[in-house]
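Participant: Sharing work-v4.cif below, mmCIF, C-alpha atoms:
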data_query
loop_
_atom_site.label_atom_id
_atom_site.label_comp_id
_atom_site.auth_asym_id
_atom_site.auth_seq_id
_atom_site.Cartn_x
_atom_site.Cartn_y
_atom_site.Cartn_z
CA MET A 1 0.00 0.00 0.00
CA GLY A 2 1.50 3.34 -1.04
CA HIS A 3 1.96 6.43 1.12
CA GLU A 4 -0.66 8.35 -0.93
CA GLU A 5 -3.29 5.64 -0.37
CA THR A 6 -2.68 5.80 3.39
CA LYS A 7 -3.19 9.58 3.35
CA LEU A 8 -6.48 9.27 1.45
CA THR A 9 -7.79 6.60 3.80
CA SER A 10 -6.90 8.58 6.91
CA MET A 11 -8.68 11.71 5.58
CA ARG A 12 -12.04 9.94 5.08
CA ILE A 13 -13.35 7.34 7.51
CA PRO A 14 -15.84 5.00 5.82
CA ARG A 15 -18.74 3.38 7.69
CA LEU A 16 -17.84 -0.18 8.56
CA THR A 17 -20.13 -3.17 8.64
CA PRO A 18 -19.47 -6.71 9.85
CA LEU A 19 -19.41 -7.72 6.18
CA ASP A 20 -16.62 -5.19 5.48
CA ILE A 21 -14.55 -6.66 8.27
CA HIS A 22 -15.34 -10.20 7.18
CA ASN A 23 -14.36 -9.49 3.56
CA LYS A 24 -11.23 -7.49 4.42
CA GLU A 25 -8.14 -9.26 3.12
CA PHE A 26 -4.74 -8.37 4.47
CA ILE A 27 -1.63 -8.69 2.35
CA LYS A 28 0.66 -11.35 3.70
CA SER A 29 4.30 -10.45 4.00
CA PHE A 30 7.27 -12.65 4.80
CA ARG A 31 6.57 -12.75 8.55
CA GLY A 32 2.78 -12.44 8.57
CA TYR A 33 0.39 -9.60 8.01
CA ASN A 34 1.45 -6.20 6.87
CA GLU A 35 1.47 -4.33 10.17
CA ASP A 36 0.68 -0.93 8.65
CA GLU A 37 -2.37 -2.31 6.89
CA VAL A 38 -3.65 -4.07 10.03
CA ASP A 39 -3.03 -0.93 12.12
CA GLU A 40 -4.88 1.22 9.59
CA PHE A 41 -7.84 -1.15 9.61
CA LEU A 42 -7.92 -1.20 13.40
CA ASP A 43 -7.88 2.61 13.38
CA LEU A 44 -11.05 2.51 11.27
CA VAL A 45 -12.69 0.15 13.76
CA VAL A 46 -11.71 2.44 16.65
CA ALA A 47 -13.11 5.49 14.85
CA GLU A 48 -16.41 3.69 14.29
CA PHE A 49 -16.65 2.73 17.96
CA GLU A 50 -15.91 6.31 19.00
CA GLY A 51 -18.79 7.49 16.80
CA PHE A 52 -21.14 5.04 18.51
CA ILE A 53 -19.98 6.20 21.92
CA ARG A 54 -20.48 9.87 21.02
CA GLU A 55 -23.95 9.15 19.66
CA ASN A 56 -24.83 7.18 22.79
CA GLU A 57 -23.71 10.07 25.03
CA GLU A 58 -25.77 12.55 23.00
CA LEU A 59 -28.83 10.31 23.27
CA HIS A 60 -28.36 9.97 27.02
CA ALA A 61 -28.15 13.77 27.33
CA SER A 62 -31.31 14.11 25.27
CA ILE A 63 -33.13 11.59 27.48
CA ALA A 64 -32.00 13.45 30.61
CA GLY A 65 -33.40 16.69 29.15
CA LEU A 66 -36.72 15.05 28.37
CA GLU A 67 -36.92 13.57 31.87
CA ALA A 68 -36.30 17.03 33.32
CA ARG A 69 -39.15 18.41 31.22
CA ILE A 70 -41.46 15.65 32.49
CA GLY A 71 -40.52 16.60 36.06
CA HIS A 72 -41.38 20.23 35.27
CA TYR A 73 -44.80 19.21 33.93
CA LYS A 74 -45.46 17.07 37.00
CA GLY A 75 -44.65 20.09 39.16
CA LEU A 76 -47.10 22.19 37.16
CA GLU A 77 -49.78 19.53 37.63
CA GLU A 78 -49.21 19.52 41.40
CA THR A 79 -49.40 23.31 41.45
CA LEU A 80 -52.70 23.19 39.58
CA LYS A 81 -54.07 20.57 42.00
CA ASN A 82 -53.13 22.80 44.94
CA ALA A 83 -54.80 25.80 43.27
CA ILE A 84 -58.02 23.78 42.84
CA VAL A 85 -58.05 22.80 46.54
CA LEU A 86 -57.57 26.46 47.56
CA ALA A 87 -60.30 27.56 45.17
CA GLN A 88 -62.69 24.98 46.70
CA LYS A 89 -62.01 26.25 50.26
CA ALA A 90 -62.57 29.85 49.16
CA ALA A 91 -65.83 28.92 47.39
CA ASP A 92 -67.23 27.56 50.69
CA GLN A 93 -66.69 30.96 52.41
CA ILE A 94 -68.23 33.35 49.87
CA LYS A 95 -71.80 34.18 48.85
CA GLU A 96 -73.80 32.33 46.24
CA SER A 97 -72.71 34.65 43.42
CA ALA A 98 -69.08 34.27 44.42
CA ALA A 99 -69.57 30.49 44.55
CA ARG A 100 -70.80 30.50 40.94
CA GLU A 101 -67.80 32.58 39.90
CA ALA A 102 -65.52 30.17 41.76
CA ASP A 103 -67.15 27.27 39.91
CA VAL A 104 -66.30 28.94 36.59
CA ILE A 105 -62.71 29.47 37.72
CA MET A 106 -62.44 25.87 38.92
CA GLU A 107 -63.79 24.55 35.64
CA GLU A 108 -61.16 26.55 33.72
CA ALA A 109 -58.47 25.28 36.10
CA ARG A 110 -59.62 21.69 35.50
CA ARG A 111 -59.57 22.26 31.77
CA GLN A 112 -56.05 23.65 32.01
CA ALA A 113 -55.03 20.75 34.25
CA ASP A 114 -56.47 18.29 31.73
CA ILE A 115 -54.57 20.03 28.92
CA THR A 116 -51.36 20.04 30.97
CA ARG A 117 -51.89 16.42 32.03
CA ALA A 118 -52.55 15.40 28.40
CA GLN A 119 -49.41 17.25 27.28
CA ALA A 120 -47.36 15.65 30.04
CA GLU A 121 -48.75 12.21 29.19
CA GLU A 122 -47.95 12.73 25.49
CA LEU A 123 -44.42 13.85 26.39
CA ARG A 124 -44.04 10.83 28.67
CA ARG A 125 -45.29 8.50 25.91
CA ARG A 126 -42.89 9.99 23.36
CA THR A 127 -40.03 9.80 25.85
CA TYR A 128 -40.69 6.12 26.50
CA GLU A 129 -40.91 5.51 22.74
CA ASP A 130 -37.56 7.26 22.35
CA LEU A 131 -36.14 5.13 25.16
CA GLU A 132 -37.41 1.98 23.42
CA VAL A 133 -35.81 3.10 20.15
CA GLN A 134 -32.52 3.68 21.99
CA ARG A 135 -32.81 0.29 23.68
CA GLN A 136 -33.38 -1.36 20.31
CA LYS A 137 -30.36 0.49 18.90
CA ALA A 138 -28.26 -0.74 21.81
CA VAL A 139 -29.42 -4.33 21.22
CA ARG A 140 -28.70 -3.98 17.49
CA PHE A 141 -25.27 -2.52 18.25
CA LYS A 142 -24.53 -5.38 20.64
CA THR A 143 -25.56 -7.94 17.99
CA GLU A 144 -23.48 -6.25 15.30
CA MET A 145 -20.47 -6.06 17.60
CA ARG A 146 -20.87 -9.71 18.56
CA THR A 147 -21.05 -10.65 14.85
CA LEU A 148 -18.04 -8.45 14.11
CA LEU A 149 -15.98 -9.96 16.90
CA GLN A 150 -16.99 -13.53 16.04
CA SER A 151 -16.14 -13.07 12.36
CA THR A 152 -12.84 -11.42 13.28
CA LEU A 153 -11.99 -14.32 15.60
CA GLU A 154 -12.91 -16.81 12.88
CA MET A 155 -10.68 -14.96 10.39
CA LEU A 156 -7.83 -14.94 12.91
CA ASP A 157 -8.28 -18.65 13.62
CA ASP A 158 -8.34 -19.44 9.88
CA ASN A 159 -5.25 -17.34 9.24
CA ILE A 160 -3.35 -18.84 12.19
CA ASP A 161 -4.28 -22.31 10.90
CA ASN A 162 -3.06 -21.32 7.41
CA ILE A 163 0.21 -19.99 8.82
CA ALA A 164 0.66 -23.13 10.93
CA ARG A 165 0.05 -25.33 7.87
CA ALA A 166 2.45 -23.23 5.81
CA LEU A 167 5.11 -23.51 8.51
CA ASP A 168 4.50 -27.26 8.81
CA GLY A 169 4.85 -27.54 5.02
CA GLU A 170 8.23 -25.72 5.09
CA GLU A 171 9.70 -28.08 7.63
#
Could you show the structure in this file as structure tokens?

Facilitator:
Amino acid sequence: MGHEETKLTSMRIPRLTPLDIHNKEFIKSFRGYNEDEVDEFLDLVVAEFEGFIRENEELHASIAGLEARIGHYKGLEETLKNAIVLAQKAADQIKESAAREADVIMEEARRQADITRAQAEELRRRTYEDLEVQRQKAVRFKTEMRTLLQSTLEMLDDNIDNIARALDGEE
């Protein structure tokens, strides 16, 4: 592999799949694999893993933000519940006309509480859907990594067997 090819490869990091790793063929030199080529390929694998780690950290930060927003909405709901209780106590102490006005205020507060509760429930539902998507991504990543590692081990075993047979044949 020439110096110019190495420069081009290091400038652009391609997306790797288990099939890429499985199909990767290393040039055999006198004493085994070409170390530069193996190192370059391992650098690509490391870069790919770093991308997954970064993405995972970003998703965790996003989830934390969404959980904070849910907490905020729950606090608003509790505040609205407390306001309703206070409005009910005040309605008991005022005249009939004030009681009717309090009923109108309570109805609006309930409507707002229902809207807030519905919004919080929708946010909670979307957050759990997002969490499920992230869980599925993690499972998929684990499966892909397992496949990658198994195919890499199989390739190493095959190549070690080939080298052992070649060495046995030279003796």

Participant: Check which residues satisfy the PyMOL selection byres ((chain A and resi 102-119) around 12) in the file shown, then give them as a PyMOL selection string.

Facilitator: chain A and resi 69-70+72-101+120-126

Participant: Report, in Å to a single decimal, how far apart atom CA of Leu156 of chain A and atom CA of Asp39 of chain A are.

Facilitator: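 Between atom CA of Asp39 of chain A and atom CA of Leu156 of chain A the gap is 14.8 Å.
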
Participant: Atom CA of Asp161 of chain A and atom CA of Leu148 of chain A are how many Å apart?

Facilitator: 19.8 Å

Participant: Segment 163-169 of chain A: which residues within 10 Å, counting all atoms listed in the file, same-chain residues fewer than 5 positions away excluded, as a list in words?

Facilitator: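 With the cut-off at 10 Å, the set is Arg31, Gly32, Asp157 and Asp158 of chain A.
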
Participant: Give me a file of those residues, with C-alpha atoms, as a compact mmCIF listing (two decimals), in the frame of the given file.

Facilitator:
# COMPACT_ATOMS: atom_id res chain seq x y z
CA ARG A 31 6.57 -12.75 8.55
CA GLY A 32 2.78 -12.44 8.57
CA ASP A 157 -8.28 -18.65 13.62
CA ASP A 158 -8.34 -19.44 9.88

Participant: With only C-alpha atoms as the atoms that count, which of A:Val133, A:Leu44, A:Ala68, A:Ala138 lies nearest to Asn56 of chain A?

Facilitator: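 Counting only C-alpha atoms, the residue closest to Asn56 of chain A is A:Ala138.
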
Participant: Considering only C-alpha atoms, can you say which of A:Ile53, A:Ala61, A:Leu66, A:Leu42 comes closest to Thr127 of chain A?

Facilitator: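 Answer, going by the shortest atom-to-atom distance: A:Leu66.
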
Participant: So what do you get for atom CA of Val46 of chain A versus atom CA of Leu153 of chain A, distance-wise?

Facilitator: 16.8 Å

Participant: Under the rule that all atoms listed in the file are counted, which of A:Gln150, A:Ile160, A:Leu59, A:Met155 is the nearest residue to Arg135 of chain A?

Facilitator: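 Comparing A:Gln150, A:Ile160, A:Leu59, A:Met155 against Arg135 of chain A, the winner is A:Leu59.
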
Participant: Ranking A:Met145, A:Ile63, A:Gln136, A:Phe30 by minimum distance to Phe49 of chain A and counting all atoms listed in the file, which one comes first?

Facilitator: A:Met145
